[in-house]
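Please read the structure below before turning to the comments.
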Number of protein chains: 2
Amino acid sequence: MENRVERIKKQLHEQSYKLTPQREATVQVLLENEEDHLSAEDVYLLVKEKAPEIGLATVYRTLELLNELEVVDKINFGDGVSRYDLRKEGASHSHHHLVCIECGTVDEIQEDLLAEVEKIVEKDYQFKVKDHRLTFHGVCHRCQAKAKKNKESAEAPSLHTN
Amino acid sequence: MENRVERIKKQLHEQSYKLTPQREATVQVLLENEEDHLSAEDVYLLVKEKAPEIGLATVYRTLELLNELEVVDKINFGDGVSRYDLRKEGASHSHHHLVCIECGTVDEIQEDLLAEVEKIVEKDYQFKVKDHRLTFHGVCHRCQAKAKKNKESAEAPSLHTN
DNA sequence: CAATTTATTTATAATGATTTTAAACTGAGA
DNA sequence: TCTCAGTTTAAAATCATTATAAATAAATTG
């Protein structure tokens, strides 16, 4: 676990960036909230708990930097804010997302799934793929379960209402 | 062609929205620029040619409305602006995009490509898919051709520089 | 160590996209 | 004509993000 931070530190140093306390705190927050898809503001609020004097602009700069170093992915689900998502180590491109239109949760898919599709695109469209973004919008398993339960309790009366 | 406008008109009426001149002009612009991926501002400027008195806010409202009616897709390539893209008629979900990281062009793929992947997602993740967004980032065929040409002309001198 | 340069941060202002608000306008009935 | 709801305009407000200037800290030089 600790290793992860170390690795990122090293990566910063290699590109001759300093690991300032602010940057370190930001990386910490990202690691601790790896599952979530935090907005810059979210990160800012969380970092503030560790380093209350940090400014929002610094968080933005740090996230931007980490994005350039390919430590995080900057993603956008069309709700007006960018979200920042730690990359799995060694992953050459980003994972996929399941956005629930009922409850808003964002789940992740780590599997590749697109290898075939990518081949088709490269061949048929002569497009050299560097990265991809795949997002499904739909209903997550939690909301499906909820809906099913509601339906059942309302289902007793009046069959064949025709 | 004309039919298309008619159909959209009808769709508005069905939901008891009025087809005001402003809305009509906006739809016109979208139809005339179907290939492009216009931002709200782009649409605004084009609509202004037909209906100079229109306001930017109205364009936003209209695009929002058309998005709700599923006439257009609101997409976001992470460059800070939303783009609006007319849906192919009858297409249950949106097409895919190829964003070139060299020149910025956005090409489209109409093929489905994701039928298989969707099945996997529905089964393995119990996620009821309603729509998807697939975007590839990479180098388009035009820029590849350009790069190749440049490379060739710089290739004559000094082989095995080791 | 003192002086200087360089990178980084903070706080604040500025920007740019989008949304809201308030007032005026439009058109369909009563 | 009056009213009512929906719509538009223009302007102001908001929200995310970026730029700027002054302050700070760290690294470098002598």
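Ordering of the structure tokens sets the chain letters (A, B, ...), residue numbers begin anew at 1 in every chain, and ligands are numbered from 1 in the order given.
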I'd like the superposed copy of chain B - fitted to chain A by least squares over all paired Cα atoms - as a compact mmCIF listing (two decimals) with C-alpha atoms, in the first residue's frame.
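In the end it all went to out22.txt:
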# COMPACT_ATOMS: atom_id res chain seq x y z
CA MET B 1 0.51 0.18 -0.25
CA GLU B 2 3.15 2.68 0.86
CA ASN B 3 4.98 1.67 -2.24
CA ARG B 4 2.36 3.30 -4.35
CA VAL B 5 3.07 6.74 -2.94
CA GLU B 6 6.77 6.14 -3.32
CA ARG B 7 6.33 5.29 -6.93
CA ILE B 8 4.34 8.40 -7.62
CA LYS B 9 6.93 10.48 -5.77
CA LYS B 10 9.63 9.04 -7.95
CA GLN B 11 7.59 9.74 -11.04
CA LEU B 12 7.28 13.38 -10.05
CA HIS B 13 10.98 13.65 -9.37
CA GLU B 14 11.87 12.05 -12.65
CA GLN B 15 10.03 14.80 -14.44
CA SER B 16 11.72 17.26 -12.11
CA TYR B 17 8.64 18.27 -10.24
CA LYS B 18 8.86 18.76 -6.52
CA LEU B 19 6.77 16.73 -4.16
CA THR B 20 5.49 19.51 -1.98
CA PRO B 21 3.47 18.72 1.14
CA GLN B 22 0.36 19.87 -0.70
CA ARG B 23 0.99 17.53 -3.58
CA GLU B 24 1.76 14.68 -1.23
CA ALA B 25 -1.44 15.24 0.71
CA THR B 26 -3.42 15.27 -2.52
CA VAL B 27 -1.90 12.01 -3.68
CA GLN B 28 -2.65 10.51 -0.27
CA VAL B 29 -6.29 11.46 -0.54
CA LEU B 30 -6.54 9.96 -3.97
CA LEU B 31 -5.04 6.70 -2.75
CA GLU B 32 -7.32 6.55 0.25
CA ASN B 33 -10.38 7.08 -1.90
CA GLU B 34 -9.42 4.99 -4.83
CA GLU B 35 -12.88 3.50 -5.19
CA ASP B 36 -14.69 6.77 -5.42
CA HIS B 37 -14.86 9.12 -8.32
CA LEU B 38 -13.99 12.37 -6.64
CA SER B 39 -14.53 15.81 -8.08
CA ALA B 40 -11.90 18.49 -7.61
CA GLU B 41 -14.06 19.97 -4.88
CA ASP B 42 -14.32 16.60 -3.13
CA VAL B 43 -10.58 16.21 -3.21
CA TYR B 44 -10.15 19.73 -1.93
CA LEU B 45 -12.35 19.12 1.09
CA LEU B 46 -10.59 15.88 1.94
CA VAL B 47 -7.14 17.34 1.50
CA LYS B 48 -8.11 20.24 3.72
CA GLU B 49 -8.39 17.80 6.61
CA LYS B 50 -4.73 16.93 6.26
CA ALA B 51 -3.47 20.30 5.15
CA PRO B 52 -6.00 22.96 6.12
CA GLU B 53 -4.08 25.80 4.51
CA ILE B 54 -4.27 24.42 1.00
CA GLY B 55 -6.14 26.35 -1.65
CA LEU B 56 -8.61 25.03 -4.19
CA ALA B 57 -6.50 26.29 -7.06
CA THR B 58 -3.56 24.22 -5.87
CA VAL B 59 -5.69 21.11 -5.85
CA TYR B 60 -6.74 21.87 -9.39
CA ARG B 61 -3.15 22.39 -10.43
CA THR B 62 -2.04 19.20 -8.76
CA LEU B 63 -4.81 17.14 -10.32
CA GLU B 64 -3.96 18.62 -13.68
CA LEU B 65 -0.35 17.67 -13.17
CA LEU B 66 -1.16 14.14 -12.11
CA ASN B 67 -3.37 13.84 -15.13
CA GLU B 68 -0.51 14.83 -17.40
CA LEU B 69 1.75 12.32 -15.71
CA GLU B 70 -0.97 9.74 -16.33
CA VAL B 71 -1.29 8.99 -12.65
CA VAL B 72 -4.96 9.89 -12.70
CA ASP B 73 -7.65 9.96 -15.34
CA LYS B 74 -9.79 13.02 -15.66
CA ILE B 75 -13.26 11.87 -16.53
CA ASN B 76 -16.51 13.55 -17.16
CA PHE B 77 -19.90 11.94 -16.91
CA GLY B 78 -21.72 14.93 -18.27
CA ASP B 79 -22.86 16.29 -14.92
CA GLY B 80 -20.81 19.43 -15.18
CA VAL B 81 -17.87 18.43 -13.01
CA SER B 82 -14.67 16.61 -13.81
CA ARG B 83 -13.83 13.61 -11.73
CA TYR B 84 -10.39 12.26 -11.03
CA ASP B 85 -9.66 8.61 -10.94
CA LEU B 86 -6.39 6.95 -9.98
CA ARG B 87 -5.03 4.71 -12.70
CA LYS B 88 -4.34 1.12 -11.94
CA GLU B 89 -0.61 0.67 -12.11
CA GLY B 90 0.57 -0.47 -15.45
CA ALA B 91 -2.84 -0.09 -17.01
CA SER B 92 -2.18 1.32 -20.43
CA HIS B 93 -5.62 2.74 -20.68
CA SER B 94 -8.47 3.50 -18.45
CA HIS B 95 -11.15 1.18 -17.20
CA HIS B 96 -14.84 1.43 -17.96
CA HIS B 97 -17.74 2.84 -16.03
CA LEU B 98 -21.30 1.92 -15.26
CA VAL B 99 -23.32 5.00 -14.41
CA CYS B 100 -26.68 4.30 -12.82
CA ILE B 101 -29.40 6.63 -14.06
CA GLU B 102 -31.50 5.94 -10.98
CA CYS B 103 -29.15 6.47 -8.08
CA GLY B 104 -26.15 8.04 -9.75
CA THR B 105 -23.59 5.54 -8.49
CA VAL B 106 -20.60 4.89 -10.67
CA ASP B 107 -19.24 1.35 -10.72
CA GLU B 108 -16.12 0.23 -12.48
CA ILE B 109 -15.19 -2.52 -14.84
CA GLN B 110 -11.56 -3.50 -14.85
CA GLU B 111 -11.78 -6.09 -17.61
CA ASP B 112 -10.61 -4.95 -20.97
CA LEU B 113 -13.63 -5.91 -23.10
CA LEU B 114 -12.54 -3.71 -25.97
CA ALA B 115 -9.58 -5.58 -27.42
CA GLU B 116 -11.66 -6.87 -30.32
CA VAL B 117 -13.42 -3.60 -30.95
CA GLU B 118 -10.12 -1.78 -30.92
CA LYS B 119 -8.74 -4.05 -33.59
CA ILE B 120 -11.73 -3.30 -35.79
CA VAL B 121 -11.33 0.41 -35.29
CA GLU B 122 -7.62 0.33 -36.07
CA LYS B 123 -8.14 -1.68 -39.20
CA ASP B 124 -11.40 -0.32 -40.62
CA TYR B 125 -10.91 3.30 -39.71
CA GLN B 126 -7.14 3.49 -39.77
CA PHE B 127 -7.25 5.09 -36.37
CA LYS B 128 -4.29 4.53 -34.05
CA VAL B 129 -5.94 3.99 -30.69
CA LYS B 130 -4.13 5.42 -27.67
CA ASP B 131 -6.87 5.29 -25.10
CA HIS B 132 -10.57 4.74 -24.81
CA ARG B 133 -13.52 5.77 -22.72
CA LEU B 134 -16.45 3.47 -22.38
CA THR B 135 -19.39 4.36 -20.22
CA PHE B 136 -22.67 2.55 -19.93
CA HIS B 137 -25.71 4.36 -18.71
CA GLY B 138 -28.42 2.22 -17.24
CA VAL B 139 -29.75 0.69 -14.06
CA CYS B 140 -27.39 -0.85 -11.56
CA HIS B 141 -28.09 -4.17 -9.86
CA ARG B 142 -29.00 -2.46 -6.60
CA CYS B 143 -31.72 -0.33 -8.20
CA GLN B 144 -32.99 -3.28 -10.20
CA ALA B 145 -33.40 -5.25 -7.00
CA LYS B 146 -35.18 -2.33 -5.40
CA ALA B 147 -37.55 -1.88 -8.36
CA LYS B 148 -38.35 -5.56 -8.38
CA LYS B 149 -39.28 -5.50 -4.73
CA ASN B 150 -41.60 -2.52 -5.22
CA LYS B 151 -43.26 -4.12 -8.17
CA GLU B 152 -43.94 -7.33 -6.28
CA SER B 153 -45.69 -5.60 -3.41
CA ALA B 154 -47.92 -3.68 -5.85
CA GLU B 155 -48.71 -6.70 -7.94
CA ALA B 156 -51.50 -8.49 -6.10
CA PRO B 157 -54.58 -6.57 -7.38
CA SER B 158 -56.39 -6.52 -10.74
CA LEU B 159 -54.90 -8.75 -13.39
CA HIS B 160 -56.14 -8.44 -16.97
CA THR B 161 -57.38 -4.86 -16.65
CA ASN B 162 -58.29 -4.94 -20.30
Quiz item: Quick one: which residues from chain C are at most 9 Å off chain B, using only C-alpha atoms (C1' of nucleotides), as a list in words?
Solution: DA17, DT18 and DT19 of chain C
Would you write out those residues with C-alpha atoms (C1' of nucleotides), as a compact mmCIF listing (two decimals), in the first residue's frame?
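What landed in part.txt:
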# COMPACT_ATOMS: atom_id res chain seq x y z
C1' DA C 17 -19.90 28.14 -20.10
C1' DT C 18 -24.28 27.67 -18.55
C1' DT C 19 -28.46 28.90 -15.75
Self-check item: Every residue of region 64-132 of chain A that DSSP places in alpha helix (DSSP H), as a ChimeraX atom specification
Solution: /A:64-68,115-124
Counting only C-alpha atoms (C1' of nucleotides), give me one row per residue of chain D with an atom at most 12 Å from an atom of chain A, showing the shortest contact pair and its distance in Å to one decimal, sorted by chain then residue number, as CSV.
residue,atom,partner,partner_atom,distance
D:DC15,C1',A:Gly80,CA,9.0
D:DA16,C1',A:Val81,CA,6.8
D:DT17,C1',A:Tyr60,CA,8.2
D:DT18,C1',A:Ala57,CA,8.3
D:DA19,C1',A:Ala57,CA,10.2
D:DT20,C1',A:Ala57,CA,11.9
D:DA25,C1',A:Thr20,CA,10.2
D:DA26,C1',A:Lys18,CA,9.7
D:DA27,C1',A:Lys18,CA,11.3
Exercise. Please run DSSP on the backbone and report, as JSON, numbers by chain, all residues within chain A that come out as strand (DSSP E or B).
Key: {"A": [38, 39, 72, 73, 74, 75, 76, 82, 83, 84, 85, 86, 96, 97, 98, 99, 100, 106, 107, 108, 109, 128, 129, 130, 131, 132, 133, 134, 135, 136, 137, 138, 139]}
Quiz item: At what distance in Å, to one decimal, does C1' of DA11 (chain D) lie from C1' of DT20 (chain C)?
Solution: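 C1' of DA11 (chain D) lies at a distance of 10.6 Å from C1' of DT20 (chain C).
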